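Trainee: Have a look at this one.
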2 protein chains.
Amino acid sequence: MTAALKRQPDRTRQLLLECAFEEIRRSGFRAASLDAILERSGVTKGALYHHFESKTALGHAVVDEVLRPWMDDRWQAVLNADDLISAAIQHCEALLQQGMDELLIQGCPFNNLFNEMAAADAGFGDRLQAILDQWREGIAASLRRGQRAGHVRSDVSPVAAAAFLVSAIEGSMGLARARQSRAFFEAALQGMVGYLHSLRP
Amino acid sequence: MTAALKRQPDRTRQLLLECAFEEIRRSGFRAASLDAILERSGVTKGALYHHFESKTALGHAVVDEVLRPWMDDRWQAVLNADDLISAAIQHCEALLQQGMDELLIQGCPFNNLFNEMAAADAGFGDRLQAILDQWREGIAASLRRGQRAGHVRSDVSPVAAAAFLVSAIEGSMGLARARQSRAFFEAALQGMVGYLHSLRP
DNA sequence: CCCCGGACATACTGCGCAGGATGTAGGGAA
DNA sequence: TTCCCTACATCCTGCGCAGTATGTCCGGGG
């Protein structure tokens, strides 16, 4: 840490959270090395263990304070749109045209962490489940609004469609990430657009 | 290893592969402990390293000789059916009614391993990608047959629908596994059935 | 009968890692 | 100014693990 940054506990903590998020994103939680986080942030081990009582606690804080806002921010626009289906299709097409590169290479950090840790550690599981539920319920609520407004077929179950949608989204990211298979991701997005159209009346 | 099983190289090798598959299924590849595999199989470390030159090589062999047949076996019936959509819907409903417990608890071993290793190790990546491609192409081919037979709408892209389908399947298993969330999995399956119906003319 | 190589068994090493023990410096309250 | 607690810094330790070195035994070919 540079001299200018000494003795700024909030900033140090935030720096650790952000560097940990990046490292976890690249390597996953288990493979994330504390030493790597420390090197990247310029913070020492003593400082880290002053702010967080264990690697696991650091991970939990990353979920609460970085990953959750990241997800909220990412999906807010689509979820709050008047017409979810149009917004989602637009979102897909935007992805198809411009840089989905970051997503392809590193995948969705939520999905990565969920797959790795949700089953193994209840602290992660509860937190990630809460994010997932909120996301899913947001979609379901938006679909219900769409049904009332006549944008969405009335015979689809919002809950089922929402679960299916998040499954398809995370599944396609997970499968596409691994090998930078742009073609696969494009095909899956196309299929998603087809599905979204089928929800129309 | 019991006395009766000594000096049977093929059987020893097979035993190792199967125990490794189970251990990997439970813990993932990285967290899979060779010592645990050895204890479960009753084989010693010398024997293991006689048959496989590294943990990674063991993992690759597990994919080739256990996981691939497991997947082939699992999906063959659906892929070869006359009417893919009916077969898939039936498959979903069978899952909904009887024990999806094993899948819920441990998830799909292909999906688990793909998420964990495909990006990190080219040996795993190539093998798993091949399985995925074969699966996806099987679905696409089946959809094309369905189009010729009039079971499937002619305006859907088989390639896109196949990619979307495998994404949704693996995504729902991945998300449902983590926390034994039966409700989520059921909703996702219901959504899947809805999607499958929408592929009908 | 010998002997040689494949099929194991046992004991050890080295490494990366999370985490702990202990030391120190800055800055605000009295 | 003194004091004291927060916010760090440094060094050490123990553990689990993959991988290795070396020994041994069985079974078949000559």
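Residue numbering restarts at 1 for every chain of the structure tokens, chains are lettered A, B, ... in their displayed order, and ligands are numbered from 1 as they appear.
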Tell me, as a PyMOL selection string, which residues lie within 8 Å of range 53-58 of chain B, counting only C-alpha atoms (C1' of nucleotides); anything in the same chain fewer than 5 positions away does not count.

Mentor: (chain B and resi 17+20+34) or (chain D and resi 18-19)

Trainee: Find the residues of chain A in contact range of chain C, meaning any atom within 12 Å when counting only C-alpha atoms (C1' of nucleotides), and list them as a list in words.

Mentor: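 Output check: Lys6, Arg7, Gln8, Arg30, Ala31, Ala32, Ser33, Leu34, Asp35, Ala36, Lys45, Gly46, Leu48, Tyr49, Phe52, Glu53, Ser54, Lys55 and Thr56 of chain A.
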
Trainee: If you count only C-alpha atoms (C1' of nucleotides), which residues fall within 8 Å of Arg179 in chain B, apart from same-chain ones fewer than 5 positions away, as JSON, numbers by chain?

Mentor: {"A": [118, 119, 125, 129], "B": [105]}

Trainee: At most 10 Å is the cut-off: for each residue in chain D with any atom that close to an atom of chain B, write down the nearest atom pair and the distance in Å rounded to one decimal, counting only C-alpha atoms (C1' of nucleotides), chain first then increasing number, as CSV.

Mentor:
residue,atom,partner,partner_atom,distance
D:DG16,C1',B:Ser33,CA,9.4
D:DC17,C1',B:Ser33,CA,7.8
D:DA18,C1',B:Lys55,CA,7.6
D:DG19,C1',B:Ser54,CA,7.9
D:DT20,C1',B:Gly46,CA,9.9
D:DC26,C1',B:Arg7,CA,8.0
D:DG27,C1',B:Arg7,CA,9.9

Trainee: Report as a tab-separated table: every residue of chain B with an atom at most 6 Å from chain A, its closest pair of atoms, and their distance in Å to one decimal, counting only C-alpha atoms, with rows sorted by chain and ascending residue number.

Mentor:
residue	atom	partner	partner_atom	distance
B:Ala118	CA	A:Ala178	CA	5.0
B:Ala119	CA	A:Ala178	CA	4.1
B:Ala160	CA	A:Ala187	CA	4.3
B:Ala161	CA	A:Gly191	CA	4.8
B:Ala163	CA	A:Ala188	CA	4.7
B:Phe164	CA	A:Ala188	CA	4.3
B:Ser167	CA	A:Gly171	CA	4.4
B:Ala168	CA	A:Ala168	CA	3.8
B:Glu170	CA	A:Gly171	CA	5.6
B:Gly171	CA	A:Gly171	CA	3.6
B:Ser172	CA	A:Ser167	CA	4.6
B:Ala178	CA	A:Ala119	CA	4.1
B:Arg179	CA	A:Ala119	CA	5.7
B:Ala187	CA	A:Ala160	CA	4.3
B:Ala188	CA	A:Phe164	CA	4.3
B:Gln190	CA	A:Ala160	CA	5.7
B:Gly191	CA	A:Ala160	CA	4.6

Trainee: Excluding Val43 in chain B and residues on its chain fewer than 3 positions from it, collect all residues at most 8 Å away from it, counting only C-alpha atoms (C1' of nucleotides), and give them as number ranges by chain.

Mentor: B: 1, 12, 16, 38-39, 47-48
